[in-house]
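Dumped query-v3.cif below, it's mmCIF, N, CA and C atoms and all ligand atoms:
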data_protein
#
loop_
_atom_site.label_atom_id
_atom_site.label_comp_id
_atom_site.auth_asym_id
_atom_site.auth_seq_id
_atom_site.Cartn_x
_atom_site.Cartn_y
_atom_site.Cartn_z
N MET A 16 -5.18 -11.09 24.02
CA MET A 16 -4.84 -9.72 23.65
C MET A 16 -6.10 -8.86 23.64
N ASN A 17 -6.07 -7.69 24.30
CA ASN A 17 -7.22 -6.79 24.20
C ASN A 17 -6.85 -5.61 23.31
N VAL A 18 -7.82 -4.71 23.04
CA VAL A 18 -7.60 -3.66 22.06
C VAL A 18 -6.54 -2.65 22.50
N GLU A 19 -6.17 -2.63 23.77
CA GLU A 19 -5.18 -1.66 24.24
C GLU A 19 -3.78 -2.26 24.36
N THR A 20 -3.61 -3.49 23.97
CA THR A 20 -2.30 -4.13 24.06
C THR A 20 -1.38 -3.63 22.94
N ILE A 21 -0.20 -3.20 23.31
CA ILE A 21 0.79 -2.81 22.30
C ILE A 21 1.51 -4.07 21.85
N VAL A 22 1.44 -4.35 20.57
CA VAL A 22 2.05 -5.59 20.06
C VAL A 22 3.27 -5.32 19.18
N GLY A 23 3.49 -4.07 18.82
CA GLY A 23 4.64 -3.78 17.97
C GLY A 23 4.74 -2.32 17.64
N LEU A 24 5.69 -2.03 16.75
CA LEU A 24 5.87 -0.64 16.34
C LEU A 24 6.33 -0.59 14.89
N VAL A 25 6.04 0.54 14.27
CA VAL A 25 6.53 0.80 12.93
C VAL A 25 7.05 2.23 12.91
N LEU A 26 8.14 2.44 12.17
CA LEU A 26 8.75 3.77 12.12
C LEU A 26 9.12 4.08 10.67
N PHE A 27 8.64 5.21 10.16
CA PHE A 27 8.98 5.67 8.82
C PHE A 27 9.74 6.98 8.90
N ASN A 28 10.65 7.17 7.95
CA ASN A 28 11.28 8.47 7.75
C ASN A 28 10.57 9.15 6.58
N THR A 29 10.06 10.34 6.81
CA THR A 29 9.32 11.04 5.76
C THR A 29 9.80 12.49 5.69
N THR A 30 9.55 13.12 4.55
CA THR A 30 9.79 14.56 4.45
C THR A 30 8.55 15.18 3.84
N LEU A 31 8.36 16.44 4.13
CA LEU A 31 7.20 17.14 3.59
C LEU A 31 7.38 17.44 2.11
N GLU A 32 8.63 17.38 1.63
CA GLU A 32 8.91 17.78 0.25
C GLU A 32 8.49 16.76 -0.79
N ASP A 33 8.41 15.50 -0.40
CA ASP A 33 8.04 14.51 -1.41
C ASP A 33 7.07 13.49 -0.81
N SER A 34 6.64 12.57 -1.65
CA SER A 34 5.61 11.63 -1.24
C SER A 34 6.19 10.24 -0.94
N TRP A 35 7.53 10.20 -0.75
CA TRP A 35 8.19 8.94 -0.42
C TRP A 35 8.25 8.75 1.09
N ALA A 36 8.13 7.51 1.51
CA ALA A 36 8.31 7.17 2.92
C ALA A 36 9.29 6.00 3.01
N HIS A 37 10.26 6.13 3.88
CA HIS A 37 11.31 5.12 4.05
C HIS A 37 11.04 4.37 5.35
N LEU A 38 10.81 3.07 5.25
CA LEU A 38 10.59 2.27 6.45
C LEU A 38 11.90 2.08 7.20
N LEU A 39 11.94 2.53 8.44
CA LEU A 39 13.15 2.39 9.25
C LEU A 39 13.06 1.20 10.20
N LYS A 40 11.86 0.92 10.69
CA LYS A 40 11.74 -0.14 11.69
C LYS A 40 10.33 -0.74 11.66
N LEU A 41 10.27 -2.05 11.69
CA LEU A 41 9.01 -2.77 11.92
C LEU A 41 9.34 -3.86 12.92
N LEU A 42 8.62 -3.89 14.00
CA LEU A 42 8.92 -4.87 15.04
C LEU A 42 7.63 -5.32 15.73
N ILE A 43 7.49 -6.62 15.83
CA ILE A 43 6.39 -7.20 16.61
C ILE A 43 7.01 -7.84 17.85
N ILE A 44 6.42 -7.59 19.00
CA ILE A 44 6.93 -8.16 20.26
C ILE A 44 6.96 -9.70 20.12
N PRO A 45 8.07 -10.32 20.50
CA PRO A 45 8.27 -11.76 20.23
C PRO A 45 7.07 -12.65 20.53
N LYS A 46 6.38 -12.44 21.64
CA LYS A 46 5.31 -13.40 21.97
C LYS A 46 4.11 -13.31 21.02
N TYR A 47 4.05 -12.24 20.20
CA TYR A 47 2.94 -12.11 19.25
C TYR A 47 3.35 -12.46 17.82
N ARG A 48 4.62 -12.85 17.63
CA ARG A 48 5.07 -13.16 16.27
C ARG A 48 4.48 -14.48 15.77
N GLY A 49 4.38 -14.59 14.45
CA GLY A 49 3.88 -15.82 13.83
C GLY A 49 2.38 -16.00 13.94
N GLU A 50 1.67 -14.94 14.33
CA GLU A 50 0.20 -15.02 14.46
C GLU A 50 -0.48 -14.12 13.43
N ARG A 51 0.26 -13.73 12.40
CA ARG A 51 -0.27 -12.86 11.34
C ARG A 51 -0.52 -11.43 11.82
N VAL A 52 -0.03 -11.10 12.99
CA VAL A 52 -0.22 -9.74 13.49
C VAL A 52 0.60 -8.75 12.66
N GLY A 53 1.86 -9.11 12.39
CA GLY A 53 2.75 -8.20 11.67
C GLY A 53 2.22 -7.82 10.30
N GLY A 54 1.75 -8.82 9.56
CA GLY A 54 1.23 -8.56 8.21
C GLY A 54 0.04 -7.62 8.23
N LYS A 55 -0.90 -7.89 9.15
CA LYS A 55 -2.10 -7.04 9.25
C LYS A 55 -1.71 -5.63 9.69
N PHE A 56 -0.87 -5.54 10.70
CA PHE A 56 -0.45 -4.25 11.24
C PHE A 56 0.25 -3.42 10.15
N PHE A 57 1.14 -4.07 9.40
CA PHE A 57 1.89 -3.34 8.39
C PHE A 57 0.97 -2.81 7.29
N LYS A 58 0.01 -3.62 6.85
CA LYS A 58 -0.92 -3.16 5.80
C LYS A 58 -1.77 -1.99 6.30
N VAL A 59 -2.19 -2.03 7.55
CA VAL A 59 -2.95 -0.90 8.11
C VAL A 59 -2.10 0.37 8.09
N CYS A 60 -0.83 0.23 8.45
CA CYS A 60 0.07 1.39 8.47
C CYS A 60 0.27 1.95 7.06
N ILE A 61 0.51 1.08 6.09
CA ILE A 61 0.71 1.54 4.71
C ILE A 61 -0.55 2.25 4.20
N ASN A 62 -1.70 1.67 4.47
CA ASN A 62 -2.95 2.32 4.03
C ASN A 62 -3.14 3.68 4.69
N TYR A 63 -2.80 3.76 5.96
CA TYR A 63 -2.89 5.04 6.67
C TYR A 63 -1.98 6.07 6.01
N MET A 64 -0.75 5.65 5.71
CA MET A 64 0.21 6.56 5.07
C MET A 64 -0.29 7.01 3.70
N LYS A 65 -0.87 6.08 2.95
CA LYS A 65 -1.40 6.43 1.62
C LYS A 65 -2.51 7.47 1.73
N GLN A 66 -3.31 7.36 2.78
CA GLN A 66 -4.38 8.34 2.99
C GLN A 66 -3.84 9.70 3.41
N HIS A 67 -2.57 9.74 3.78
CA HIS A 67 -1.93 10.98 4.20
C HIS A 67 -0.83 11.39 3.22
N SER A 68 -1.13 11.19 1.92
CA SER A 68 -0.34 11.75 0.82
C SER A 68 0.94 11.00 0.45
N PHE A 69 1.26 9.91 1.13
CA PHE A 69 2.47 9.18 0.75
C PHE A 69 2.13 8.16 -0.32
N LYS A 70 2.90 8.22 -1.41
CA LYS A 70 2.57 7.40 -2.58
C LYS A 70 3.58 6.28 -2.82
N LYS A 71 4.80 6.49 -2.41
CA LYS A 71 5.84 5.48 -2.66
C LYS A 71 6.55 5.14 -1.34
N PHE A 72 6.91 3.86 -1.23
CA PHE A 72 7.52 3.36 -0.01
C PHE A 72 8.75 2.54 -0.37
N TYR A 73 9.78 2.62 0.44
CA TYR A 73 10.93 1.75 0.23
C TYR A 73 11.52 1.31 1.56
N LEU A 74 12.29 0.25 1.51
CA LEU A 74 12.84 -0.34 2.73
C LEU A 74 14.06 -1.18 2.39
N GLU A 75 14.83 -1.48 3.43
CA GLU A 75 15.91 -2.46 3.33
C GLU A 75 15.57 -3.60 4.28
N VAL A 76 15.87 -4.80 3.84
CA VAL A 76 15.66 -5.97 4.71
C VAL A 76 16.78 -6.97 4.47
N GLU A 77 17.26 -7.58 5.55
CA GLU A 77 18.36 -8.54 5.39
C GLU A 77 17.86 -9.76 4.61
N ASN A 78 18.66 -10.23 3.68
CA ASN A 78 18.18 -11.30 2.78
C ASN A 78 17.90 -12.61 3.50
N SER A 79 18.33 -12.75 4.75
CA SER A 79 18.04 -13.96 5.53
C SER A 79 16.72 -13.85 6.32
N ASN A 80 16.10 -12.68 6.30
CA ASN A 80 14.91 -12.44 7.14
C ASN A 80 13.64 -12.86 6.38
N SER A 81 13.43 -14.17 6.31
CA SER A 81 12.35 -14.68 5.46
C SER A 81 10.97 -14.24 5.94
N ALA A 82 10.76 -14.09 7.26
CA ALA A 82 9.45 -13.65 7.75
C ALA A 82 9.14 -12.24 7.25
N ALA A 83 10.11 -11.35 7.38
CA ALA A 83 9.89 -9.96 6.95
C ALA A 83 9.73 -9.89 5.42
N ILE A 84 10.56 -10.62 4.69
CA ILE A 84 10.47 -10.57 3.23
C ILE A 84 9.09 -11.06 2.77
N SER A 85 8.64 -12.14 3.37
CA SER A 85 7.33 -12.68 3.01
C SER A 85 6.22 -11.67 3.30
N LEU A 86 6.33 -11.03 4.45
CA LEU A 86 5.35 -10.01 4.86
C LEU A 86 5.34 -8.84 3.86
N TYR A 87 6.53 -8.38 3.46
CA TYR A 87 6.60 -7.23 2.55
C TYR A 87 6.09 -7.61 1.15
N LEU A 88 6.41 -8.81 0.68
CA LEU A 88 5.89 -9.24 -0.63
C LEU A 88 4.36 -9.27 -0.60
N ASP A 89 3.83 -9.80 0.50
CA ASP A 89 2.37 -9.89 0.63
C ASP A 89 1.71 -8.51 0.68
N ALA A 90 2.47 -7.52 1.17
CA ALA A 90 1.94 -6.14 1.24
C ALA A 90 2.12 -5.40 -0.09
N GLY A 91 2.69 -6.07 -1.09
CA GLY A 91 2.80 -5.44 -2.41
C GLY A 91 4.17 -4.90 -2.76
N PHE A 92 5.15 -5.10 -1.89
CA PHE A 92 6.52 -4.62 -2.18
C PHE A 92 7.20 -5.54 -3.19
N GLU A 93 8.09 -4.95 -3.99
CA GLU A 93 8.87 -5.71 -4.96
C GLU A 93 10.36 -5.43 -4.77
N LEU A 94 11.15 -6.46 -5.06
CA LEU A 94 12.61 -6.30 -4.97
C LEU A 94 13.09 -5.40 -6.11
N THR A 95 13.88 -4.38 -5.77
CA THR A 95 14.44 -3.54 -6.83
C THR A 95 15.93 -3.83 -7.03
N HIS A 96 16.67 -3.99 -5.95
CA HIS A 96 18.08 -4.33 -6.07
C HIS A 96 18.61 -4.81 -4.72
N THR A 97 19.87 -5.19 -4.71
CA THR A 97 20.49 -5.63 -3.46
C THR A 97 21.69 -4.75 -3.13
N LYS A 98 22.02 -4.69 -1.85
CA LYS A 98 23.24 -4.00 -1.42
C LYS A 98 24.09 -5.00 -0.66
N ASN A 99 25.24 -5.30 -1.21
CA ASN A 99 26.11 -6.30 -0.59
C ASN A 99 26.69 -5.80 0.72
N SER A 100 26.72 -6.70 1.71
CA SER A 100 27.34 -6.43 3.02
C SER A 100 26.78 -5.18 3.70
N TYR A 101 25.54 -4.87 3.46
CA TYR A 101 24.90 -3.68 4.05
C TYR A 101 24.80 -3.79 5.58
N TYR A 102 24.56 -5.01 6.06
CA TYR A 102 24.40 -5.22 7.51
C TYR A 102 25.67 -5.77 8.18
N GLY A 103 26.74 -5.86 7.41
CA GLY A 103 27.97 -6.43 7.91
C GLY A 103 28.51 -7.40 6.87
N LYS A 104 29.63 -8.00 7.20
CA LYS A 104 30.31 -8.87 6.23
C LYS A 104 29.38 -10.01 5.77
N LYS A 105 29.17 -10.10 4.46
CA LYS A 105 28.33 -11.13 3.82
C LYS A 105 26.88 -11.10 4.28
N ARG A 106 26.44 -9.99 4.84
CA ARG A 106 25.03 -9.85 5.26
C ARG A 106 24.39 -8.80 4.33
N ASP A 107 23.81 -9.32 3.25
CA ASP A 107 23.31 -8.43 2.20
C ASP A 107 21.90 -7.92 2.50
N ALA A 108 21.58 -6.77 1.94
CA ALA A 108 20.24 -6.19 2.07
C ALA A 108 19.51 -6.30 0.74
N LEU A 109 18.22 -6.59 0.84
CA LEU A 109 17.33 -6.45 -0.32
C LEU A 109 16.68 -5.08 -0.20
N ILE A 110 16.62 -4.36 -1.29
CA ILE A 110 15.94 -3.08 -1.32
C ILE A 110 14.60 -3.31 -2.02
N MET A 111 13.53 -2.94 -1.34
CA MET A 111 12.19 -3.21 -1.87
C MET A 111 11.39 -1.91 -1.92
N GLU A 112 10.48 -1.86 -2.89
CA GLU A 112 9.63 -0.67 -3.05
C GLU A 112 8.20 -1.08 -3.35
N CYS A 113 7.30 -0.19 -3.05
CA CYS A 113 5.94 -0.36 -3.57
C CYS A 113 5.31 1.01 -3.74
C1 LIG A 201 9.33 -9.66 10.77
C2 LIG A 201 8.16 -9.55 11.76
C3 LIG A 201 7.68 -8.10 11.84
C4 LIG A 201 7.02 -10.44 11.22
O1 LIG A 201 5.89 -10.28 12.07
P1 LIG A 201 4.93 -11.54 12.38
O2 LIG A 201 3.70 -11.00 13.04
O3 LIG A 201 5.69 -12.59 13.10
O4 LIG A 201 4.61 -12.04 10.89
P2 LIG A 201 3.26 -12.71 10.37
O5 LIG A 201 2.76 -13.70 11.39
O6 LIG A 201 2.32 -11.64 9.90
O7 LIG A 201 3.82 -13.55 9.14
C5 LIG A 201 4.37 -12.89 8.02
C6 LIG A 201 5.03 -13.94 7.14
O8 LIG A 201 6.21 -14.42 7.75
C7 LIG A 201 6.15 -15.84 7.88
N1 LIG A 201 6.81 -16.16 9.12
C8 LIG A 201 6.40 -15.86 10.37
N2 LIG A 201 7.33 -16.28 11.25
C9 LIG A 201 8.33 -16.86 10.51
C10 LIG A 201 9.58 -17.47 10.84
N3 LIG A 201 10.00 -17.57 12.10
N4 LIG A 201 10.34 -17.92 9.84
C11 LIG A 201 9.96 -17.83 8.57
N5 LIG A 201 8.78 -17.24 8.18
C12 LIG A 201 7.99 -16.77 9.15
C13 LIG A 201 4.68 -16.17 7.87
O9 LIG A 201 4.45 -17.49 7.46
C14 LIG A 201 4.17 -15.17 6.88
O10 LIG A 201 4.50 -15.57 5.55
P3 LIG A 201 3.39 -16.19 4.57
O11 LIG A 201 2.30 -15.16 4.48
O12 LIG A 201 4.15 -16.35 3.29
O13 LIG A 201 2.94 -17.46 5.20
C15 LIG A 201 8.57 -10.08 13.18
O14 LIG A 201 9.06 -11.39 13.05
C16 LIG A 201 9.61 -9.22 13.87
O15 LIG A 201 9.27 -8.26 14.57
N6 LIG A 201 10.90 -9.57 13.68
C17 LIG A 201 12.00 -8.83 14.30
C18 LIG A 201 12.20 -7.47 13.68
C19 LIG A 201 12.37 -7.55 12.19
O16 LIG A 201 13.04 -8.44 11.65
N7 LIG A 201 11.75 -6.57 11.51
C20 LIG A 201 11.86 -6.42 10.07
C21 LIG A 201 13.14 -5.71 9.75
S1 LIG A 201 13.21 -5.22 8.06
#
Please rewrite the model in this file as structure tokens.
Amino acid sequence: MNVETIVGLVLFNTTLEDSWAHLLKLLIIPKYRGERVGGKFFKVCINYMKQHSFKKFYLEVENSNSAAISLYLDAGFELTHTKNSYYGKKRDALIMEC
């Protein structure tokens, strides 16, 4: 991988009215997964957002997505509540904030 390789993307929903940012998408291209790229990339993004006035972050993640949950916990997110069947029948979401 060189410095110009795109390995993933992150997408937040933000408004100018408040300091909350809602994570809509985090994705690492499959061939780069499991190499700690996602965790590092996500922390860089959160720090960048914090430097640009965003103070609180929240997200939804499917409760079966152990890689993403582990990554978010490591980045300082905490579980606040769950939403049953958010992703479909018996596919619950964890709501996390930091
Ligand atoms: C979730 C995702 C972003 C993680 O990126 P990644 O670069 O593979 O993750 P990392 O290598 O930084 O590892 C993060 C954690 O997940 C764990 N992990 C990685 N691959 C895993 C797998 N297949 N199963 C279980 N855990 C896994 C790592 O061990 C690490 O946890 P640890 O610090 O407790 O050891 C990536 O798998 C992805 O793009 N998935 C598809 C899209 C998606 O699910 N996005 C999140 C939606 S909320």
Can I get the residues close to ligand LIG 201 (chain A) as a ChimeraX atom specification, where close means within 8 Å and we count all atoms listed in the file?
/A:23-24,38-45,47-57,74-77,80-87,89
With N, CA and C atoms retained, write the just-selected residues as a short mmCIF file (atom, residue, chain, number, x, y, z; two decimals), keeping the file's coordinate frame.
data_model
loop_
_atom_site.label_atom_id
_atom_site.label_comp_id
_atom_site.auth_asym_id
_atom_site.auth_seq_id
_atom_site.Cartn_x
_atom_site.Cartn_y
_atom_site.Cartn_z
N GLY A 23 3.49 -4.07 18.82
CA GLY A 23 4.64 -3.78 17.97
C GLY A 23 4.74 -2.32 17.64
N LEU A 24 5.69 -2.03 16.75
CA LEU A 24 5.87 -0.64 16.34
C LEU A 24 6.33 -0.59 14.89
N LEU A 38 10.81 3.07 5.25
CA LEU A 38 10.59 2.27 6.45
C LEU A 38 11.90 2.08 7.20
N LEU A 39 11.94 2.53 8.44
CA LEU A 39 13.15 2.39 9.25
C LEU A 39 13.06 1.20 10.20
N LYS A 40 11.86 0.92 10.69
CA LYS A 40 11.74 -0.14 11.69
C LYS A 40 10.33 -0.74 11.66
N LEU A 41 10.27 -2.05 11.69
CA LEU A 41 9.01 -2.77 11.92
C LEU A 41 9.34 -3.86 12.92
N LEU A 42 8.62 -3.89 14.00
CA LEU A 42 8.92 -4.87 15.04
C LEU A 42 7.63 -5.32 15.73
N ILE A 43 7.49 -6.62 15.83
CA ILE A 43 6.39 -7.20 16.61
C ILE A 43 7.01 -7.84 17.85
N ILE A 44 6.42 -7.59 19.00
CA ILE A 44 6.93 -8.16 20.26
C ILE A 44 6.96 -9.70 20.12
N PRO A 45 8.07 -10.32 20.50
CA PRO A 45 8.27 -11.76 20.23
C PRO A 45 7.07 -12.65 20.53
N TYR A 47 4.05 -12.24 20.20
CA TYR A 47 2.94 -12.11 19.25
C TYR A 47 3.35 -12.46 17.82
N ARG A 48 4.62 -12.85 17.63
CA ARG A 48 5.07 -13.16 16.27
C ARG A 48 4.48 -14.48 15.77
N GLY A 49 4.38 -14.59 14.45
CA GLY A 49 3.88 -15.82 13.83
C GLY A 49 2.38 -16.00 13.94
N GLU A 50 1.67 -14.94 14.33
CA GLU A 50 0.20 -15.02 14.46
C GLU A 50 -0.48 -14.12 13.43
N ARG A 51 0.26 -13.73 12.40
CA ARG A 51 -0.27 -12.86 11.34
C ARG A 51 -0.52 -11.43 11.82
N VAL A 52 -0.03 -11.10 12.99
CA VAL A 52 -0.22 -9.74 13.49
C VAL A 52 0.60 -8.75 12.66
N GLY A 53 1.86 -9.11 12.39
CA GLY A 53 2.75 -8.20 11.67
C GLY A 53 2.22 -7.82 10.30
N GLY A 54 1.75 -8.82 9.56
CA GLY A 54 1.23 -8.56 8.21
C GLY A 54 0.04 -7.62 8.23
N LYS A 55 -0.90 -7.89 9.15
CA LYS A 55 -2.10 -7.04 9.25
C LYS A 55 -1.71 -5.63 9.69
N PHE A 56 -0.87 -5.54 10.70
CA PHE A 56 -0.45 -4.25 11.24
C PHE A 56 0.25 -3.42 10.15
N PHE A 57 1.14 -4.07 9.40
CA PHE A 57 1.89 -3.34 8.39
C PHE A 57 0.97 -2.81 7.29
N LEU A 74 12.29 0.25 1.51
CA LEU A 74 12.84 -0.34 2.73
C LEU A 74 14.06 -1.18 2.39
N GLU A 75 14.83 -1.48 3.43
CA GLU A 75 15.91 -2.46 3.33
C GLU A 75 15.57 -3.60 4.28
N VAL A 76 15.87 -4.80 3.84
CA VAL A 76 15.66 -5.97 4.71
C VAL A 76 16.78 -6.97 4.47
N GLU A 77 17.26 -7.58 5.55
CA GLU A 77 18.36 -8.54 5.39
C GLU A 77 17.86 -9.76 4.61
N ASN A 80 16.10 -12.68 6.30
CA ASN A 80 14.91 -12.44 7.14
C ASN A 80 13.64 -12.86 6.38
N SER A 81 13.43 -14.17 6.31
CA SER A 81 12.35 -14.68 5.46
C SER A 81 10.97 -14.24 5.94
N ALA A 82 10.76 -14.09 7.26
CA ALA A 82 9.45 -13.65 7.75
C ALA A 82 9.14 -12.24 7.25
N ALA A 83 10.11 -11.35 7.38
CA ALA A 83 9.89 -9.96 6.95
C ALA A 83 9.73 -9.89 5.42
N ILE A 84 10.56 -10.62 4.69
CA ILE A 84 10.47 -10.57 3.23
C ILE A 84 9.09 -11.06 2.77
N SER A 85 8.64 -12.14 3.37
CA SER A 85 7.33 -12.68 3.01
C SER A 85 6.22 -11.67 3.30
N LEU A 86 6.33 -11.03 4.45
CA LEU A 86 5.35 -10.01 4.86
C LEU A 86 5.34 -8.84 3.86
N TYR A 87 6.53 -8.38 3.46
CA TYR A 87 6.60 -7.23 2.55
C TYR A 87 6.09 -7.61 1.15
N ASP A 89 3.83 -9.80 0.50
CA ASP A 89 2.37 -9.89 0.63
C ASP A 89 1.71 -8.51 0.68
#
Return as number ranges by chain the full set of residues in chain A whose backbone-based DSSP assignment is alpha helix (DSSP H).
A: 52-66, 81-89
Which polymer residues have any atom within 7 Å of an atom of Leu109 of chain A, counting only C-alpha atoms, with same-chain residues fewer than 2 positions away left out, as a PyMOL selection string?
chain A and resi 75-78+94+96-98+107+111
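The spacing separating atom CA of Ala36 of chain A from atom CA of Lys70 of chain A amounts to 8.0 Å.
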If DSSP is run on the backbone, what residues of chain A are strand (DSSP E or B)? A reply as a compact mmCIF listing (two decimals) with N, CA and C atoms, keeping the file's coordinate frame would be ideal.
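Below you can see part_37.txt, which holds the result:
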# COMPACT_ATOMS: atom_id res chain seq x y z
N GLY A 23 3.49 -4.07 18.82
CA GLY A 23 4.64 -3.78 17.97
C GLY A 23 4.74 -2.32 17.64
N LEU A 24 5.69 -2.03 16.75
CA LEU A 24 5.87 -0.64 16.34
C LEU A 24 6.33 -0.59 14.89
N VAL A 25 6.04 0.54 14.27
CA VAL A 25 6.53 0.80 12.93
C VAL A 25 7.05 2.23 12.91
N LEU A 26 8.14 2.44 12.17
CA LEU A 26 8.75 3.77 12.12
C LEU A 26 9.12 4.08 10.67
N PHE A 27 8.64 5.21 10.16
CA PHE A 27 8.98 5.67 8.82
C PHE A 27 9.74 6.98 8.90
N ASN A 28 10.65 7.17 7.95
CA ASN A 28 11.28 8.47 7.75
C ASN A 28 10.57 9.15 6.58
N THR A 29 10.06 10.34 6.81
CA THR A 29 9.32 11.04 5.76
C THR A 29 9.80 12.49 5.69
N TRP A 35 7.53 10.20 -0.75
CA TRP A 35 8.19 8.94 -0.42
C TRP A 35 8.25 8.75 1.09
N ALA A 36 8.13 7.51 1.51
CA ALA A 36 8.31 7.17 2.92
C ALA A 36 9.29 6.00 3.01
N HIS A 37 10.26 6.13 3.88
CA HIS A 37 11.31 5.12 4.05
C HIS A 37 11.04 4.37 5.35
N LEU A 38 10.81 3.07 5.25
CA LEU A 38 10.59 2.27 6.45
C LEU A 38 11.90 2.08 7.20
N LEU A 39 11.94 2.53 8.44
CA LEU A 39 13.15 2.39 9.25
C LEU A 39 13.06 1.20 10.20
N LYS A 40 11.86 0.92 10.69
CA LYS A 40 11.74 -0.14 11.69
C LYS A 40 10.33 -0.74 11.66
N LEU A 41 10.27 -2.05 11.69
CA LEU A 41 9.01 -2.77 11.92
C LEU A 41 9.34 -3.86 12.92
N LEU A 42 8.62 -3.89 14.00
CA LEU A 42 8.92 -4.87 15.04
C LEU A 42 7.63 -5.32 15.73
N ILE A 43 7.49 -6.62 15.83
CA ILE A 43 6.39 -7.20 16.61
C ILE A 43 7.01 -7.84 17.85
N LYS A 71 4.80 6.49 -2.41
CA LYS A 71 5.84 5.48 -2.66
C LYS A 71 6.55 5.14 -1.34
N PHE A 72 6.91 3.86 -1.23
CA PHE A 72 7.52 3.36 -0.01
C PHE A 72 8.75 2.54 -0.37
N TYR A 73 9.78 2.62 0.44
CA TYR A 73 10.93 1.75 0.23
C TYR A 73 11.52 1.31 1.56
N LEU A 74 12.29 0.25 1.51
CA LEU A 74 12.84 -0.34 2.73
C LEU A 74 14.06 -1.18 2.39
N GLU A 75 14.83 -1.48 3.43
CA GLU A 75 15.91 -2.46 3.33
C GLU A 75 15.57 -3.60 4.28
N VAL A 76 15.87 -4.80 3.84
CA VAL A 76 15.66 -5.97 4.71
C VAL A 76 16.78 -6.97 4.47
N GLU A 77 17.26 -7.58 5.55
CA GLU A 77 18.36 -8.54 5.39
C GLU A 77 17.86 -9.76 4.61
N GLU A 93 8.09 -4.95 -3.99
CA GLU A 93 8.87 -5.71 -4.96
C GLU A 93 10.36 -5.43 -4.77
N LEU A 94 11.15 -6.46 -5.06
CA LEU A 94 12.61 -6.30 -4.97
C LEU A 94 13.09 -5.40 -6.11
N THR A 95 13.88 -4.38 -5.77
CA THR A 95 14.44 -3.54 -6.83
C THR A 95 15.93 -3.83 -7.03
N HIS A 96 16.67 -3.99 -5.95
CA HIS A 96 18.08 -4.33 -6.07
C HIS A 96 18.61 -4.81 -4.72
N THR A 97 19.87 -5.19 -4.71
CA THR A 97 20.49 -5.63 -3.46
C THR A 97 21.69 -4.75 -3.13
N LYS A 98 22.02 -4.69 -1.85
CA LYS A 98 23.24 -4.00 -1.42
C LYS A 98 24.09 -5.00 -0.66
N ALA A 108 21.58 -6.77 1.94
CA ALA A 108 20.24 -6.19 2.07
C ALA A 108 19.51 -6.30 0.74
N LEU A 109 18.22 -6.59 0.84
CA LEU A 109 17.33 -6.45 -0.32
C LEU A 109 16.68 -5.08 -0.20
N ILE A 110 16.62 -4.36 -1.29
CA ILE A 110 15.94 -3.08 -1.32
C ILE A 110 14.60 -3.31 -2.02
N MET A 111 13.53 -2.94 -1.34
CA MET A 111 12.19 -3.21 -1.87
C MET A 111 11.39 -1.91 -1.92
N GLU A 112 10.48 -1.86 -2.89
CA GLU A 112 9.63 -0.67 -3.05
C GLU A 112 8.20 -1.08 -3.35
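Separating atom CA of Ser34 of chain A from atom CA of Lys71 of chain A is a distance of 6.3 Å.
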Tell me, in Å to one decimal, how far atom C of Ile21 of chain A is from atom CA of Leu88 of chain A.
23.5 Å
Requested file, segment 27-38 of chain A restricted to N, CA and C atoms, as a PDB file, in the first residue's frame:
ATOM      1  N   PHE A  27     -20.164  10.932   7.767  1.00  0.00           N
ATOM      2  CA  PHE A  27     -20.910  11.436   8.912  1.00  0.00           C
ATOM      3  C   PHE A  27     -22.027  12.346   8.434  1.00  0.00           C
ATOM      4  N   ASN A  28     -23.129  12.344   9.180  1.00  0.00           N
ATOM      5  CA  ASN A  28     -24.179  13.343   8.990  1.00  0.00           C
ATOM      6  C   ASN A  28     -23.991  14.405  10.072  1.00  0.00           C
ATOM      7  N   THR A  29     -23.862  15.647   9.660  1.00  0.00           N
ATOM      8  CA  THR A  29     -23.639  16.727  10.630  1.00  0.00           C
ATOM      9  C   THR A  29     -24.565  17.893  10.301  1.00  0.00           C
ATOM     10  N   THR A  30     -24.786  18.739  11.298  1.00  0.00           N
ATOM     11  CA  THR A  30     -25.500  19.989  11.045  1.00  0.00           C
ATOM     12  C   THR A  30     -24.691  21.111  11.670  1.00  0.00           C
ATOM     13  N   LEU A  31     -24.870  22.292  11.137  1.00  0.00           N
ATOM     14  CA  LEU A  31     -24.144  23.442  11.673  1.00  0.00           C
ATOM     15  C   LEU A  31     -24.724  23.876  13.013  1.00  0.00           C
ATOM     16  N   GLU A  32     -25.955  23.446  13.305  1.00  0.00           N
ATOM     17  CA  GLU A  32     -26.645  23.929  14.507  1.00  0.00           C
ATOM     18  C   GLU A  32     -26.139  23.305  15.800  1.00  0.00           C
ATOM     19  N   ASP A  33     -25.576  22.118  15.713  1.00  0.00           N
ATOM     20  CA  ASP A  33     -25.117  21.497  16.955  1.00  0.00           C
ATOM     21  C   ASP A  33     -23.762  20.827  16.740  1.00  0.00           C
ATOM     22  N   SER A  34     -23.250  20.269  17.822  1.00  0.00           N
ATOM     23  CA  SER A  34     -21.901  19.708  17.777  1.00  0.00           C
ATOM     24  C   SER A  34     -21.920  18.180  17.717  1.00  0.00           C
ATOM     25  N   TRP A  35     -23.098  17.624  17.350  1.00  0.00           N
ATOM     26  CA  TRP A  35     -23.221  16.181  17.217  1.00  0.00           C
ATOM     27  C   TRP A  35     -22.894  15.745  15.790  1.00  0.00           C
ATOM     28  N   ALA A  36     -22.284  14.578  15.679  1.00  0.00           N
ATOM     29  CA  ALA A  36     -22.039  13.980  14.369  1.00  0.00           C
ATOM     30  C   ALA A  36     -22.544  12.534  14.402  1.00  0.00           C
ATOM     31  N   HIS A  37     -23.288  12.174  13.389  1.00  0.00           N
ATOM     32  CA  HIS A  37     -23.891  10.835  13.296  1.00  0.00           C
ATOM     33  C   HIS A  37     -23.120  10.038  12.253  1.00  0.00           C
ATOM     34  N   LEU A  38     -22.507   8.942  12.671  1.00  0.00           N
ATOM     35  CA  LEU A  38     -21.780   8.099  11.722  1.00  0.00           C
ATOM     36  C   LEU A  38     -22.773   7.333  10.850  1.00  0.00           C
TER      37      LEU A  38
END
